[in-house]
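Enquirer: Mind looking over this structure? Questions follow.
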Amino acid sequence: MLTAALVLFAWIMPAAAQEAAFRQAVAEAAAEDRELAAFYQDQSYRPVWTGAGAEHLARRQALVQVLARAGVHGLPAERYDLDGLIASMTAARSQRDLGQVEVALSRTYLRYAQDVQSGVLVPSKVIGDIKREVVRQESGALLKEILAKEPSRVMRNLAPQSNEYARLLKQKLRLEQLVAEGGWGATVSAEKLRPGDSGPAVIALRNRLIAMGYLVRSAAQTYDMRLQQAVQAFQGDHGLETDGIAGATTLAAVNTPATERLKSVIVAMERERWLSQERGQRHILVNLTDFSARILDNDAVTFATRAVIGKNDQNRRSPEFSDEMEYMVINPTWHVPYSIAVNEYLPQMQRNPGAASHLKLYNRNGREVSRGAVNFGAYNARNFPFAIKQPPSERNALGLVKFMFPNKYNIYLHDTPQKALFDLEKRDFSHGCIRLHQPFDFAYALLGRQESDPKAFFHSVLGTGRETYVQLEQHVPVHIIYRTAFTQAQGRPQYRGDVYGRDARIWEALEKAGVSLDTPRG
């Protein structure tokens with residue numbers, strides 16, 4: 001039936017009157033979509049899909065093939081109604097029928113192309129803190145491309161061509177097979193397991209780690225050295241402290257079903273479709289769920305450091321967006337954001353004018369104001385007239401260096417005097433900006449492209465104690481992302497906790513749009 005549907009149009013002969021009927025049907029069917037109507041008008045209503053020639057057959061075949069595999073990309077297959085399309089093609093008996101089928105094929109192609117290229121969802125409509133403007137290719141451009149090039153290649157290239165997307169796709173297929181085979185086996189029933197332990201829970205832990213690929217098959221029934229090393233490897237791949245002890249957080253990660261990991265991968269694929277621009281041969285990647293900042297050169301991590309991100313509060317969560325790092329500020333002044341000034345520091349100063357003595361007040365003319373001359377009780381969040389700043393020092397809230405990619409969200413990367421926070425596993429404490437554990441080394445890595453001795457240069461500026469702006473000769477793309485599943489160029493897939501609950505909401509939205517696991521649950 002499918003083969004017949006693909007070739008049946010050959011018998012519908014385009015006599016002059018019938019051609020007019022076809023054009024009229026196309027015009028009527030496309031009228032509700034301005035872009036589609038304009039395309040067909042420019043084409044003089046010639047067919048893209050439903051002609052009798054070999055090129056039209058090739059386009060139909062290519063479209064049917066990608067629609068049949070739409071679920072492979074984690075897309076809502078029912079949205080494209082392949083069975084309905086085939087039925088419409090099979091039932092076509094006139095040029096008018098053909099015109100309606102022609103537009104239906106174009107609509108379906110455009111829906112699929114935009115979904116696989118730019119995402120099923122509009123991110124900001126799901127989560128306001130995702131500040132990504134997803135670029136959707138115009139309908140006319142997509143249709144002209146399928147007319148001008150080999151259709152199978154065009155459709156293969158619609159999906160993101162990044163290495164990350166390709167690796168996520170492979171992991172999705174692996175997980176689907178695993179889930180179909182029953183998942184990772186019995187869960188581990190224990191509160192904590194440590195080296196030297198034995199019993200059913202240790203055996204369950206062993207078996208689960210074998211199924212996950214962290215252990216070779218073994219009959220060992222004790223928590224021995226090999227099991228400890230496997231636990232440590234698992235902990236590293238899940239962003240946990242690699243102490244080799246299976247505590248509550250480690251066991252929760254071990255017991256997470258394969259279906260949940262599959263959901264994370266599908267969400268990550270959707271998120272990768274939202275990154276419409278090239279990441280850049282050199283770029284900075286901040287993954288909020290991983291509490292990390294990395295520099296990547298040609299897909300290889302060349303620098304990595306721990307990070308502190310925005311606290312999981314309504315007004316402090318770090319947003320997701322991309323920009324370009326332009327400069328760094330050594331010995332920075334902290335210009336306290338107005339919201340922090342009036343919501344945190346003003347109440348303190350109302351109770352005690354000498355509070356937060358490390359901060360200075362400035363009037364609208366930029367002149368420092370003595371606190372003794374201010375009646376703090378006369379002001380509130382609406383009429384507070386002063387700017388609050390902290391001069392450069394080792395105690396400065398920004399530390400000794402900040403890294404700027406100017407944006408309307410007032411987010412940047414910076415040093416911090418609160419070093420103890422980096423020892424924690426879960427690191428969401430800031431007001432939204434990203435604090436770096438090794439900011440000096442991060443600076444050296446950036447300056448290495450323009451200074452023969454970046455460390456010496458950095459410290460010569462730092463030693464002045466003066467606030468100094470250092471421009472980057474080559475701007476570096478910065479991508480603040482949120483991935484509970486991500487990959488590496490070499491090594492196993494990585495999974496992290498859903499610190500802000502964003503991926504759970506995205507999965508819920510994808511399900512509502514028609515995305516499913518398409519595998520037995522297990």
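Following the order of the structure tokens, chains are lettered A, B, ..., residues in each are numbered from 1, and ligands are numbered from 1.
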List as number ranges by chain the protein and nucleic acid residues near region 144-147 of chain A, meaning an atom at most 9 Å away when only C-alpha atoms are counted, but skip any in the same chain fewer than 5 places from it.
Expert: A: 39, 48, 55, 59, 139, 152, 154-155
Enquirer: Convert the current residue selection to file output with N, CA and C atoms, as a compact mmCIF listing (two decimals), in the first residue's frame.
Expert:
# COMPACT_ATOMS: atom_id res chain seq x y z
N PHE A 39 4.95 30.97 -1.01
CA PHE A 39 5.86 30.05 -1.71
C PHE A 39 5.20 29.48 -2.96
N VAL A 48 5.59 20.26 -5.57
CA VAL A 48 6.87 19.88 -4.97
C VAL A 48 6.92 18.37 -4.80
N GLU A 55 12.00 12.94 -9.62
CA GLU A 55 12.40 13.83 -8.53
C GLU A 55 11.29 13.98 -7.49
N ARG A 59 11.32 12.80 -3.45
CA ARG A 59 10.95 13.65 -2.31
C ARG A 59 9.90 12.95 -1.44
N SER A 139 9.58 28.91 6.05
CA SER A 139 8.96 27.84 5.27
C SER A 139 9.45 27.84 3.83
N SER A 152 16.95 13.19 0.36
CA SER A 152 17.34 12.38 1.52
C SER A 152 18.43 13.07 2.32
N VAL A 154 19.05 16.34 2.40
CA VAL A 154 18.45 17.52 3.05
C VAL A 154 17.78 17.11 4.35
N MET A 155 16.99 16.05 4.29
CA MET A 155 16.23 15.65 5.48
C MET A 155 17.12 15.08 6.57
Enquirer: Determine, counting only C-alpha atoms, which protein, DNA and RNA residues have an atom within 10 Å of an atom of Ser322 (chain A); residues of the same chain fewer than 4 positions away are not included. Present the result as a ChimeraX atom specification.
Expert: /A:131-133,275,277,279,284-285,405,407,477-481
Enquirer: Which polymer residues have any atom within 9 Å of an atom of region 73-88 of chain A, counting only C-alpha atoms, with same-chain residues fewer than 5 positions away left out, as a PyMOL selection string?
Expert: chain A and resi 1-2+5-6+64+67-68+97-98+100-101+104-105+108-109+111-112+115-116+119-120+159+169+172+266-267+269-270+510-511+513-517
Enquirer: Between CA of Gly199 (chain A) and CA of Leu227 (chain A), what is the distance in Å, rounded to a tenth?
Expert: 13.6 Å
Enquirer: Excluding same-chain residues fewer than 4 positions from region 30-33 of chain A, what lies within 7 Å of it counting only C-alpha atoms, as a PyMOL selection string?
Expert: chain A and resi 26+37+103
